[in-house]
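Heads up, the thing below is written out as structure tokens.
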Amino acid sequence: MTVRKNRRGEGHLGLIVGLIVIFVVGLFIFKVAPLHIAGNTLLDTMSEQANFGGIKHLDQIKYEIMRKAQGEGLPVAPTDLKVYHRGANIVIEAKYTTSVEVLGYKYVYDFNKVVDKPVESAEKETLGFE
């Protein structure tokens, strides 16, 4: 049985494949993560604005959310955003779809979120009721 002491080139294929996989995953994350971050920012804004349901008018709440969406560069049209009262709650619905292409693969991000919160009346706070 002969033993080769100088084995060259045996581990290079695994290294190259590993680097290619890391590159593809990194590129995918680099392209897709901003879509999710912007969507979560919009969801946070919706939740924050719902807290003002008893203070602000519905049109003003919708305007604030649309302004944030435009600032984030999201393709949200005024018809994609609904703000309304349902009983003692304020409901904010937002729907949009955006996509990004990564190495020939088209990733579609579908944002369809609803925030439903109880309305705190401004009169309760000024009269001292809880």
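Ligands are numbered from 1 in the order shown, residues from 1 within each chain, and chains are lettered A, B, ... in the order they appear in the structure tokens.
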
* Asked: Any idea what's packed within 8 Å of Val100 of chain A, counting only C-alpha atoms, ignoring anything in its chain fewer than 5 positions away? Could you give it as JSON, numbers by chain?
  -> {"A": [31, 32, 106, 107, 108]}

* Asked: What's the 9 Å shell around Asp80 of chain A, counting only C-alpha atoms, without same-chain residues fewer than 6 positions away, as a list in words?
  -> Glu93, Ala94, Lys95 and Tyr96 of chain A

* To do: Mind checking which residues fall within 12 Å of segment 50-58 of chain A, counting only C-alpha atoms, ignoring those fewer than 5 positions away in the same chain, and posting them as a VMD selection string?
  => chain A and resid 43 to 45 63 to 65 81 to 86 88 to 93 114 to 126

Which parts of segment 16-120 of chain A does DSSP call strand (DSSP E) when run on the backbone here, written out as a PDB file with all heavy atoms, in the first residue's frame?
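Contents of result_16.pdb, as written:
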```
ATOM      1  N   LEU A  81     -54.563  51.351   1.455  1.00  0.00           N
ATOM      2  CA  LEU A  81     -54.555  51.623   2.888  1.00  0.00           C
ATOM      3  C   LEU A  81     -55.963  52.009   3.332  1.00  0.00           C
ATOM      4  O   LEU A  81     -56.563  52.916   2.765  1.00  0.00           O
ATOM      5  CB  LEU A  81     -53.570  52.763   3.190  1.00  0.00           C
ATOM      6  CG  LEU A  81     -53.398  53.157   4.641  1.00  0.00           C
ATOM      7  CD1 LEU A  81     -52.787  52.015   5.440  1.00  0.00           C
ATOM      8  CD2 LEU A  81     -52.525  54.393   4.742  1.00  0.00           C
ATOM      9  N   LYS A  82     -56.465  51.296   4.333  1.00  0.00           N
ATOM     10  CA  LYS A  82     -57.804  51.573   4.854  1.00  0.00           C
ATOM     11  C   LYS A  82     -57.705  51.841   6.348  1.00  0.00           C
ATOM     12  O   LYS A  82     -57.077  51.082   7.079  1.00  0.00           O
ATOM     13  CB  LYS A  82     -58.727  50.389   4.610  1.00  0.00           C
ATOM     14  CG  LYS A  82     -58.985  50.113   3.148  1.00  0.00           C
ATOM     15  CD  LYS A  82     -59.939  48.954   2.977  1.00  0.00           C
ATOM     16  CE  LYS A  82     -60.266  48.764   1.530  1.00  0.00           C
ATOM     17  NZ  LYS A  82     -59.433  47.835   0.853  1.00  0.00           N
ATOM     18  N   VAL A  83     -58.350  52.923   6.785  1.00  0.00           N
ATOM     19  CA  VAL A  83     -58.399  53.285   8.198  1.00  0.00           C
ATOM     20  C   VAL A  83     -59.866  53.532   8.535  1.00  0.00           C
ATOM     21  O   VAL A  83     -60.514  54.378   7.916  1.00  0.00           O
ATOM     22  CB  VAL A  83     -57.566  54.562   8.482  1.00  0.00           C
ATOM     23  CG1 VAL A  83     -57.608  54.907   9.957  1.00  0.00           C
ATOM     24  CG2 VAL A  83     -56.128  54.374   8.023  1.00  0.00           C
ATOM     25  N   TYR A  84     -60.386  52.785   9.502  1.00  0.00           N
ATOM     26  CA  TYR A  84     -61.801  52.935   9.854  1.00  0.00           C
ATOM     27  C   TYR A  84     -62.035  52.483  11.286  1.00  0.00           C
ATOM     28  O   TYR A  84     -61.187  51.846  11.906  1.00  0.00           O
ATOM     29  CB  TYR A  84     -62.692  52.157   8.890  1.00  0.00           C
ATOM     30  CG  TYR A  84     -62.400  50.681   8.795  1.00  0.00           C
ATOM     31  CD1 TYR A  84     -63.063  49.769   9.613  1.00  0.00           C
ATOM     32  CD2 TYR A  84     -61.460  50.192   7.890  1.00  0.00           C
ATOM     33  CE1 TYR A  84     -62.796  48.412   9.529  1.00  0.00           C
ATOM     34  CE2 TYR A  84     -61.187  48.850   7.797  1.00  0.00           C
ATOM     35  CZ  TYR A  84     -61.860  47.957   8.616  1.00  0.00           C
ATOM     36  OH  TYR A  84     -61.588  46.613   8.540  1.00  0.00           O
ATOM     37  N   HIS A  85     -63.201  52.862  11.799  1.00  0.00           N
ATOM     38  CA  HIS A  85     -63.622  52.433  13.138  1.00  0.00           C
ATOM     39  C   HIS A  85     -64.509  51.207  13.006  1.00  0.00           C
ATOM     40  O   HIS A  85     -65.347  51.117  12.106  1.00  0.00           O
ATOM     41  CB  HIS A  85     -64.420  53.540  13.839  1.00  0.00           C
ATOM     42  CG  HIS A  85     -63.571  54.664  14.315  1.00  0.00           C
ATOM     43  ND1 HIS A  85     -62.708  54.550  15.368  1.00  0.00           N
ATOM     44  CD2 HIS A  85     -63.449  55.951  13.878  1.00  0.00           C
ATOM     45  CE1 HIS A  85     -62.100  55.691  15.578  1.00  0.00           C
ATOM     46  NE2 HIS A  85     -62.522  56.569  14.665  1.00  0.00           N
ATOM     47  N   ARG A  86     -64.319  50.256  13.912  1.00  0.00           N
ATOM     48  CA  ARG A  86     -65.199  49.097  14.007  1.00  0.00           C
ATOM     49  C   ARG A  86     -65.556  48.970  15.482  1.00  0.00           C
ATOM     50  O   ARG A  86     -64.746  48.495  16.280  1.00  0.00           O
ATOM     51  CB  ARG A  86     -64.518  47.845  13.491  1.00  0.00           C
ATOM     52  CG  ARG A  86     -65.425  46.620  13.558  1.00  0.00           C
ATOM     53  CD  ARG A  86     -64.858  45.405  12.871  1.00  0.00           C
ATOM     54  NE  ARG A  86     -63.543  45.066  13.395  1.00  0.00           N
ATOM     55  CZ  ARG A  86     -62.602  44.447  12.700  1.00  0.00           C
ATOM     56  NH1 ARG A  86     -62.816  44.107  11.455  1.00  0.00           N
ATOM     57  NH2 ARG A  86     -61.440  44.174  13.247  1.00  0.00           N
ATOM     58  N   ASN A  89     -63.099  50.060  18.347  1.00  0.00           N
ATOM     59  CA  ASN A  89     -61.723  49.849  17.878  1.00  0.00           C
ATOM     60  C   ASN A  89     -61.435  50.674  16.640  1.00  0.00           C
ATOM     61  O   ASN A  89     -62.344  51.036  15.884  1.00  0.00           O
ATOM     62  CB  ASN A  89     -61.479  48.374  17.548  1.00  0.00           C
ATOM     63  CG  ASN A  89     -61.417  47.510  18.776  1.00  0.00           C
ATOM     64  OD1 ASN A  89     -61.497  47.984  19.905  1.00  0.00           O
ATOM     65  ND2 ASN A  89     -61.281  46.216  18.568  1.00  0.00           N
ATOM     66  N   ILE A  90     -60.164  50.921  16.429  1.00  0.00           N
ATOM     67  CA  ILE A  90     -59.706  51.501  15.166  1.00  0.00           C
ATOM     68  C   ILE A  90     -58.979  50.391  14.414  1.00  0.00           C
ATOM     69  O   ILE A  90     -58.202  49.640  15.001  1.00  0.00           O
ATOM     70  CB  ILE A  90     -58.803  52.729  15.377  1.00  0.00           C
ATOM     71  CG1 ILE A  90     -58.450  53.343  14.017  1.00  0.00           C
ATOM     72  CG2 ILE A  90     -57.573  52.395  16.169  1.00  0.00           C
ATOM     73  CD1 ILE A  90     -57.841  54.713  14.110  1.00  0.00           C
ATOM     74  N   VAL A  91     -59.268  50.279  13.138  1.00  0.00           N
ATOM     75  CA  VAL A  91     -58.682  49.228  12.300  1.00  0.00           C
ATOM     76  C   VAL A  91     -57.910  49.893  11.167  1.00  0.00           C
ATOM     77  O   VAL A  91     -58.425  50.784  10.494  1.00  0.00           O
ATOM     78  CB  VAL A  91     -59.769  48.294  11.727  1.00  0.00           C
ATOM     79  CG1 VAL A  91     -59.144  47.213  10.862  1.00  0.00           C
ATOM     80  CG2 VAL A  91     -60.597  47.684  12.845  1.00  0.00           C
ATOM     81  N   ILE A  92     -56.669  49.460  11.002  1.00  0.00           N
ATOM     82  CA  ILE A  92     -55.829  49.957   9.914  1.00  0.00           C
ATOM     83  C   ILE A  92     -55.374  48.751   9.098  1.00  0.00           C
ATOM     84  O   ILE A  92     -54.770  47.830   9.641  1.00  0.00           O
ATOM     85  CB  ILE A  92     -54.611  50.733  10.448  1.00  0.00           C
ATOM     86  CG1 ILE A  92     -55.062  51.893  11.333  1.00  0.00           C
ATOM     87  CG2 ILE A  92     -53.750  51.227   9.287  1.00  0.00           C
ATOM     88  CD1 ILE A  92     -53.929  52.612  12.020  1.00  0.00           C
ATOM     89  N   GLU A  93     -55.699  48.758   7.820  1.00  0.00           N
ATOM     90  CA  GLU A  93     -55.320  47.668   6.909  1.00  0.00           C
ATOM     91  C   GLU A  93     -54.418  48.224   5.819  1.00  0.00           C
ATOM     92  O   GLU A  93     -54.698  49.286   5.268  1.00  0.00           O
ATOM     93  CB  GLU A  93     -56.556  47.051   6.256  1.00  0.00           C
ATOM     94  CG  GLU A  93     -57.522  46.408   7.201  1.00  0.00           C
ATOM     95  CD  GLU A  93     -58.749  45.855   6.490  1.00  0.00           C
ATOM     96  OE1 GLU A  93     -58.789  45.887   5.235  1.00  0.00           O
ATOM     97  OE2 GLU A  93     -59.651  45.401   7.187  1.00  0.00           O
ATOM     98  N   ALA A  94     -53.370  47.493   5.523  1.00  0.00           N
ATOM     99  CA  ALA A  94     -52.473  47.883   4.430  1.00  0.00           C
ATOM    100  C   ALA A  94     -52.129  46.649   3.618  1.00  0.00           C
ATOM    101  O   ALA A  94     -51.898  45.578   4.172  1.00  0.00           O
ATOM    102  CB  ALA A  94     -51.211  48.530   4.970  1.00  0.00           C
ATOM    103  N   LYS A  95     -52.127  46.842   2.302  1.00  0.00           N
ATOM    104  CA  LYS A  95     -51.838  45.752   1.372  1.00  0.00           C
ATOM    105  C   LYS A  95     -50.998  46.290   0.233  1.00  0.00           C
ATOM    106  O   LYS A  95     -51.350  47.293  -0.370  1.00  0.00           O
ATOM    107  CB  LYS A  95     -53.155  45.274   0.772  1.00  0.00           C
ATOM    108  CG  LYS A  95     -53.528  43.879   1.032  1.00  0.00           C
ATOM    109  CD  LYS A  95     -54.801  43.557   0.274  1.00  0.00           C
ATOM    110  CE  LYS A  95     -55.828  43.120   1.255  1.00  0.00           C
ATOM    111  NZ  LYS A  95     -57.019  42.588   0.660  1.00  0.00           N
ATOM    112  N   TYR A  96     -49.902  45.618  -0.034  1.00  0.00           N
ATOM    113  CA  TYR A  96     -49.115  45.934  -1.229  1.00  0.00           C
ATOM    114  C   TYR A  96     -48.227  44.743  -1.551  1.00  0.00           C
ATOM    115  O   TYR A  96     -47.991  43.879  -0.723  1.00  0.00           O
ATOM    116  CB  TYR A  96     -48.286  47.215  -1.069  1.00  0.00           C
ATOM    117  CG  TYR A  96     -47.113  47.098  -0.131  1.00  0.00           C
ATOM    118  CD1 TYR A  96     -45.868  46.682  -0.595  1.00  0.00           C
ATOM    119  CD2 TYR A  96     -47.236  47.416   1.220  1.00  0.00           C
ATOM    120  CE1 TYR A  96     -44.786  46.572   0.267  1.00  0.00           C
ATOM    121  CE2 TYR A  96     -46.163  47.321   2.075  1.00  0.00           C
ATOM    122  CZ  TYR A  96     -44.941  46.898   1.591  1.00  0.00           C
ATOM    123  OH  TYR A  96     -43.881  46.789   2.443  1.00  0.00           O
ATOM    124  N   THR A  97     -47.765  44.719  -2.772  1.00  0.00           N
ATOM    125  CA  THR A  97     -46.870  43.661  -3.227  1.00  0.00           C
ATOM    126  C   THR A  97     -45.691  44.313  -3.937  1.00  0.00           C
ATOM    127  O   THR A  97     -45.868  45.228  -4.734  1.00  0.00           O
ATOM    128  CB  THR A  97     -47.592  42.705  -4.189  1.00  0.00           C
ATOM    129  OG1 THR A  97     -48.718  42.147  -3.523  1.00  0.00           O
ATOM    130  CG2 THR A  97     -46.688  41.581  -4.643  1.00  0.00           C
ATOM    131  N   THR A  98     -44.520  43.830  -3.616  1.00  0.00           N
ATOM    132  CA  THR A  98     -43.315  44.305  -4.298  1.00  0.00           C
ATOM    133  C   THR A  98     -42.415  43.105  -4.559  1.00  0.00           C
ATOM    134  O   THR A  98     -42.573  42.064  -3.912  1.00  0.00           O
ATOM    135  CB  THR A  98     -42.595  45.390  -3.472  1.00  0.00           C
ATOM    136  OG1 THR A  98     -41.521  45.919  -4.233  1.00  0.00           O
ATOM    137  CG2 THR A  98     -42.059  44.839  -2.170  1.00  0.00           C
ATOM    138  N   SER A  99     -41.521  43.253  -5.505  1.00  0.00           N
ATOM    139  CA  SER A  99     -40.658  42.120  -5.840  1.00  0.00           C
ATOM    140  C   SER A  99     -39.250  42.613  -6.140  1.00  0.00           C
ATOM    141  O   SER A  99     -39.023  43.786  -6.419  1.00  0.00           O
ATOM    142  CB  SER A  99     -41.211  41.354  -7.039  1.00  0.00           C
ATOM    143  OG  SER A  99     -41.226  42.178  -8.174  1.00  0.00           O
ATOM    144  N   VAL A 100     -38.338  41.663  -6.054  1.00  0.00           N
ATOM    145  CA  VAL A 100     -36.947  41.934  -6.383  1.00  0.00           C
ATOM    146  C   VAL A 100     -36.394  40.692  -7.082  1.00  0.00           C
ATOM    147  O   VAL A 100     -36.798  39.575  -6.772  1.00  0.00           O
ATOM    148  CB  VAL A 100     -36.128  42.297  -5.121  1.00  0.00           C
ATOM    149  CG1 VAL A 100     -36.025  41.132  -4.180  1.00  0.00           C
ATOM    150  CG2 VAL A 100     -34.753  42.814  -5.478  1.00  0.00           C
ATOM    151  N   GLU A 101     -35.516  40.912  -8.043  1.00  0.00           N
ATOM    152  CA  GLU A 101     -34.934  39.793  -8.768  1.00  0.00           C
ATOM    153  C   GLU A 101     -33.510  39.555  -8.279  1.00  0.00           C
ATOM    154  O   GLU A 101     -32.706  40.481  -8.196  1.00  0.00           O
ATOM    155  CB  GLU A 101     -34.939  40.064 -10.263  1.00  0.00           C
ATOM    156  CG  GLU A 101     -34.613  38.831 -11.063  1.00  0.00           C
ATOM    157  CD  GLU A 101     -34.959  38.997 -12.529  1.00  0.00           C
ATOM    158  OE1 GLU A 101     -35.988  39.601 -12.839  1.00  0.00           O
ATOM    159  OE2 GLU A 101     -34.166  38.492 -13.346  1.00  0.00           O
ATOM    160  N   VAL A 102     -33.238  38.308  -7.925  1.00  0.00           N
ATOM    161  CA  VAL A 102     -31.916  37.917  -7.446  1.00  0.00           C
ATOM    162  C   VAL A 102     -31.421  36.755  -8.295  1.00  0.00           C
ATOM    163  O   VAL A 102     -31.965  35.655  -8.237  1.00  0.00           O
ATOM    164  CB  VAL A 102     -31.962  37.499  -5.960  1.00  0.00           C
ATOM    165  CG1 VAL A 102     -30.585  37.130  -5.467  1.00  0.00           C
ATOM    166  CG2 VAL A 102     -32.570  38.589  -5.097  1.00  0.00           C
ATOM    167  N   TYR A 105     -33.967  34.779 -10.125  1.00  0.00           N
ATOM    168  CA  TYR A 105     -35.112  34.343  -9.317  1.00  0.00           C
ATOM    169  C   TYR A 105     -35.866  35.583  -8.871  1.00  0.00           C
ATOM    170  O   TYR A 105     -35.291  36.520  -8.332  1.00  0.00           O
ATOM    171  CB  TYR A 105     -34.646  33.550  -8.098  1.00  0.00           C
ATOM    172  CG  TYR A 105     -35.736  33.217  -7.122  1.00  0.00           C
ATOM    173  CD1 TYR A 105     -36.679  32.237  -7.407  1.00  0.00           C
ATOM    174  CD2 TYR A 105     -35.852  33.895  -5.913  1.00  0.00           C
ATOM    175  CE1 TYR A 105     -37.693  31.935  -6.522  1.00  0.00           C
ATOM    176  CE2 TYR A 105     -36.859  33.607  -5.013  1.00  0.00           C
ATOM    177  CZ  TYR A 105     -37.768  32.618  -5.324  1.00  0.00           C
ATOM    178  OH  TYR A 105     -38.770  32.332  -4.441  1.00  0.00           O
ATOM    179  N   LYS A 106     -37.190  35.596  -9.084  1.00  0.00           N
ATOM    180  CA  LYS A 106     -38.011  36.735  -8.701  1.00  0.00           C
ATOM    181  C   LYS A 106     -38.645  36.455  -7.338  1.00  0.00           C
ATOM    182  O   LYS A 106     -39.480  35.568  -7.195  1.00  0.00           O
ATOM    183  CB  LYS A 106     -39.099  36.978  -9.741  1.00  0.00           C
ATOM    184  CG  LYS A 106     -39.895  38.229  -9.494  1.00  0.00           C
ATOM    185  CD  LYS A 106     -40.871  38.473 -10.627  1.00  0.00           C
ATOM    186  CE  LYS A 106     -41.628  39.761 -10.394  1.00  0.00           C
ATOM    187  NZ  LYS A 106     -42.563  40.017 -11.474  1.00  0.00           N
ATOM    188  N   TYR A 107     -38.217  37.218  -6.330  1.00  0.00           N
ATOM    189  CA  TYR A 107     -38.771  37.083  -4.977  1.00  0.00           C
ATOM    190  C   TYR A 107     -39.894  38.102  -4.822  1.00  0.00           C
ATOM    191  O   TYR A 107     -39.703  39.298  -5.033  1.00  0.00           O
ATOM    192  CB  TYR A 107     -37.689  37.333  -3.926  1.00  0.00           C
ATOM    193  CG  TYR A 107     -38.215  37.285  -2.516  1.00  0.00           C
ATOM    194  CD1 TYR A 107     -38.439  36.071  -1.887  1.00  0.00           C
ATOM    195  CD2 TYR A 107     -38.518  38.455  -1.822  1.00  0.00           C
ATOM    196  CE1 TYR A 107     -38.933  36.020  -0.599  1.00  0.00           C
ATOM    197  CE2 TYR A 107     -39.016  38.405  -0.539  1.00  0.00           C
ATOM    198  CZ  TYR A 107     -39.219  37.188   0.063  1.00  0.00           C
ATOM    199  OH  TYR A 107     -39.729  37.141   1.344  1.00  0.00           O
ATOM    200  N   VAL A 108     -41.085  37.631  -4.456  1.00  0.00           N
ATOM    201  CA  VAL A 108     -42.253  38.488  -4.286  1.00  0.00           C
ATOM    202  C   VAL A 108     -42.551  38.626  -2.802  1.00  0.00           C
ATOM    203  O   VAL A 108     -42.728  37.623  -2.104  1.00  0.00           O
ATOM    204  CB  VAL A 108     -43.477  37.911  -5.037  1.00  0.00           C
ATOM    205  CG1 VAL A 108     -44.704  38.781  -4.806  1.00  0.00           C
ATOM    206  CG2 VAL A 108     -43.181  37.782  -6.513  1.00  0.00           C
ATOM    207  N   TYR A 109     -42.597  39.871  -2.329  1.00  0.00           N
ATOM    208  CA  TYR A 109     -42.934  40.161  -0.931  1.00  0.00           C
ATOM    209  C   TYR A 109     -44.360  40.692  -0.906  1.00  0.00           C
ATOM    210  O   TYR A 109     -44.660  41.740  -1.464  1.00  0.00           O
ATOM    211  CB  TYR A 109     -41.966  41.182  -0.344  1.00  0.00           C
ATOM    212  CG  TYR A 109     -42.280  41.566   1.082  1.00  0.00           C
ATOM    213  CD1 TYR A 109     -42.219  40.630   2.103  1.00  0.00           C
ATOM    214  CD2 TYR A 109     -42.635  42.868   1.401  1.00  0.00           C
ATOM    215  CE1 TYR A 109     -42.498  40.982   3.413  1.00  0.00           C
ATOM    216  CE2 TYR A 109     -42.910  43.226   2.707  1.00  0.00           C
ATOM    217  CZ  TYR A 109     -42.842  42.279   3.705  1.00  0.00           C
ATOM    218  OH  TYR A 109     -43.123  42.631   5.001  1.00  0.00           O
ATOM    219  N   ASP A 110     -45.246  39.954  -0.268  1.00  0.00           N
ATOM    220  CA  ASP A 110     -46.657  40.309  -0.183  1.00  0.00           C
ATOM    221  C   ASP A 110     -46.954  40.806   1.227  1.00  0.00           C
ATOM    222  O   ASP A 110     -46.960  40.019   2.172  1.00  0.00           O
ATOM    223  CB  ASP A 110     -47.519  39.090  -0.536  1.00  0.00           C
ATOM    224  CG  ASP A 110     -48.986  39.426  -0.633  1.00  0.00           C
ATOM    225  OD1 ASP A 110     -49.311  40.588  -0.917  1.00  0.00           O
ATOM    226  OD2 ASP A 110     -49.815  38.520  -0.428  1.00  0.00           O
ATOM    227  N   PHE A 111     -47.199  42.093   1.376  1.00  0.00           N
ATOM    228  CA  PHE A 111     -47.506  42.709   2.670  1.00  0.00           C
ATOM    229  C   PHE A 111     -49.012  42.827   2.779  1.00  0.00           C
ATOM    230  O   PHE A 111     -49.655  43.492   1.965  1.00  0.00           O
ATOM    231  CB  PHE A 111     -46.856  44.092   2.755  1.00  0.00           C
ATOM    232  CG  PHE A 111     -47.039  44.774   4.082  1.00  0.00           C
ATOM    233  CD1 PHE A 111     -46.121  44.593   5.095  1.00  0.00           C
ATOM    234  CD2 PHE A 111     -48.121  45.604   4.312  1.00  0.00           C
ATOM    235  CE1 PHE A 111     -46.268  45.223   6.317  1.00  0.00           C
ATOM    236  CE2 PHE A 111     -48.280  46.247   5.522  1.00  0.00           C
ATOM    237  CZ  PHE A 111     -47.358  46.050   6.530  1.00  0.00           C
ATOM    238  N   ASN A 112     -49.593  42.176   3.763  1.00  0.00           N
ATOM    239  CA  ASN A 112     -51.029  42.226   4.000  1.00  0.00           C
ATOM    240  C   ASN A 112     -51.229  42.169   5.510  1.00  0.00           C
ATOM    241  O   ASN A 112     -51.369  41.095   6.082  1.00  0.00           O
ATOM    242  CB  ASN A 112     -51.721  41.062   3.298  1.00  0.00           C
ATOM    243  CG  ASN A 112     -53.228  41.154   3.393  1.00  0.00           C
ATOM    244  OD1 ASN A 112     -53.774  42.124   3.907  1.00  0.00           O
ATOM    245  ND2 ASN A 112     -53.898  40.135   2.888  1.00  0.00           N
ATOM    246  N   LYS A 113     -51.233  43.335   6.153  1.00  0.00           N
ATOM    247  CA  LYS A 113     -51.282  43.396   7.611  1.00  0.00           C
ATOM    248  C   LYS A 113     -52.489  44.204   8.075  1.00  0.00           C
ATOM    249  O   LYS A 113     -52.943  45.126   7.400  1.00  0.00           O
ATOM    250  CB  LYS A 113     -50.013  44.055   8.175  1.00  0.00           C
ATOM    251  CG  LYS A 113     -48.735  43.384   7.745  1.00  0.00           C
ATOM    252  CD  LYS A 113     -48.521  42.073   8.431  1.00  0.00           C
ATOM    253  CE  LYS A 113     -47.177  41.519   8.019  1.00  0.00           C
ATOM    254  NZ  LYS A 113     -46.942  40.186   8.400  1.00  0.00           N
ATOM    255  N   VAL A 114     -52.977  43.845   9.264  1.00  0.00           N
ATOM    256  CA  VAL A 114     -54.098  44.541   9.891  1.00  0.00           C
ATOM    257  C   VAL A 114     -53.724  44.852  11.329  1.00  0.00           C
ATOM    258  O   VAL A 114     -53.230  43.990  12.046  1.00  0.00           O
ATOM    259  CB  VAL A 114     -55.377  43.671   9.864  1.00  0.00           C
ATOM    260  CG1 VAL A 114     -56.521  44.372  10.572  1.00  0.00           C
ATOM    261  CG2 VAL A 114     -55.766  43.325   8.447  1.00  0.00           C
ATOM    262  N   VAL A 115     -53.946  46.101  11.724  1.00  0.00           N
ATOM    263  CA  VAL A 115     -53.772  46.520  13.111  1.00  0.00           C
ATOM    264  C   VAL A 115     -55.154  46.871  13.637  1.00  0.00           C
ATOM    265  O   VAL A 115     -55.872  47.676  13.039  1.00  0.00           O
ATOM    266  CB  VAL A 115     -52.824  47.731  13.224  1.00  0.00           C
ATOM    267  CG1 VAL A 115     -52.775  48.247  14.647  1.00  0.00           C
ATOM    268  CG2 VAL A 115     -51.440  47.360  12.744  1.00  0.00           C
ATOM    269  N   ASP A 116     -55.542  46.253  14.735  1.00  0.00           N
ATOM    270  CA  ASP A 116     -56.864  46.451  15.332  1.00  0.00           C
ATOM    271  C   ASP A 116     -56.656  46.753  16.811  1.00  0.00           C
ATOM    272  O   ASP A 116     -56.271  45.866  17.574  1.00  0.00           O
ATOM    273  CB  ASP A 116     -57.702  45.188  15.138  1.00  0.00           C
ATOM    274  CG  ASP A 116     -59.146  45.358  15.537  1.00  0.00           C
ATOM    275  OD1 ASP A 116     -59.493  46.394  16.131  1.00  0.00           O
ATOM    276  OD2 ASP A 116     -59.941  44.443  15.258  1.00  0.00           O
ATOM    277  N   LYS A 117     -56.897  48.015  17.199  1.00  0.00           N
ATOM    278  CA  LYS A 117     -56.653  48.422  18.582  1.00  0.00           C
ATOM    279  C   LYS A 117     -57.865  49.161  19.138  1.00  0.00           C
ATOM    280  O   LYS A 117     -58.569  49.859  18.396  1.00  0.00           O
ATOM    281  CB  LYS A 117     -55.437  49.346  18.669  1.00  0.00           C
ATOM    282  CG  LYS A 117     -54.128  48.651  18.478  1.00  0.00           C
ATOM    283  CD  LYS A 117     -53.002  49.574  18.844  1.00  0.00           C
ATOM    284  CE  LYS A 117     -51.688  48.823  18.824  1.00  0.00           C
ATOM    285  NZ  LYS A 117     -50.585  49.670  19.259  1.00  0.00           N
ATOM    286  N   PRO A 118     -58.079  49.049  20.441  1.00  0.00           N
ATOM    287  CA  PRO A 118     -59.162  49.827  21.057  1.00  0.00           C
ATOM    288  C   PRO A 118     -58.832  51.313  21.047  1.00  0.00           C
ATOM    289  O   PRO A 118     -57.675  51.704  21.167  1.00  0.00           O
ATOM    290  CB  PRO A 118     -59.246  49.284  22.483  1.00  0.00           C
ATOM    291  CG  PRO A 118     -57.946  48.631  22.732  1.00  0.00           C
ATOM    292  CD  PRO A 118     -57.408  48.197  21.401  1.00  0.00           C
TER     293      PRO A 118
END
```

* To do: Rounded to one decimal place, report the atom CA of Ile61 of chain A-atom CA of Gln49 of chain A distance in Å.
  => 6.0 Å
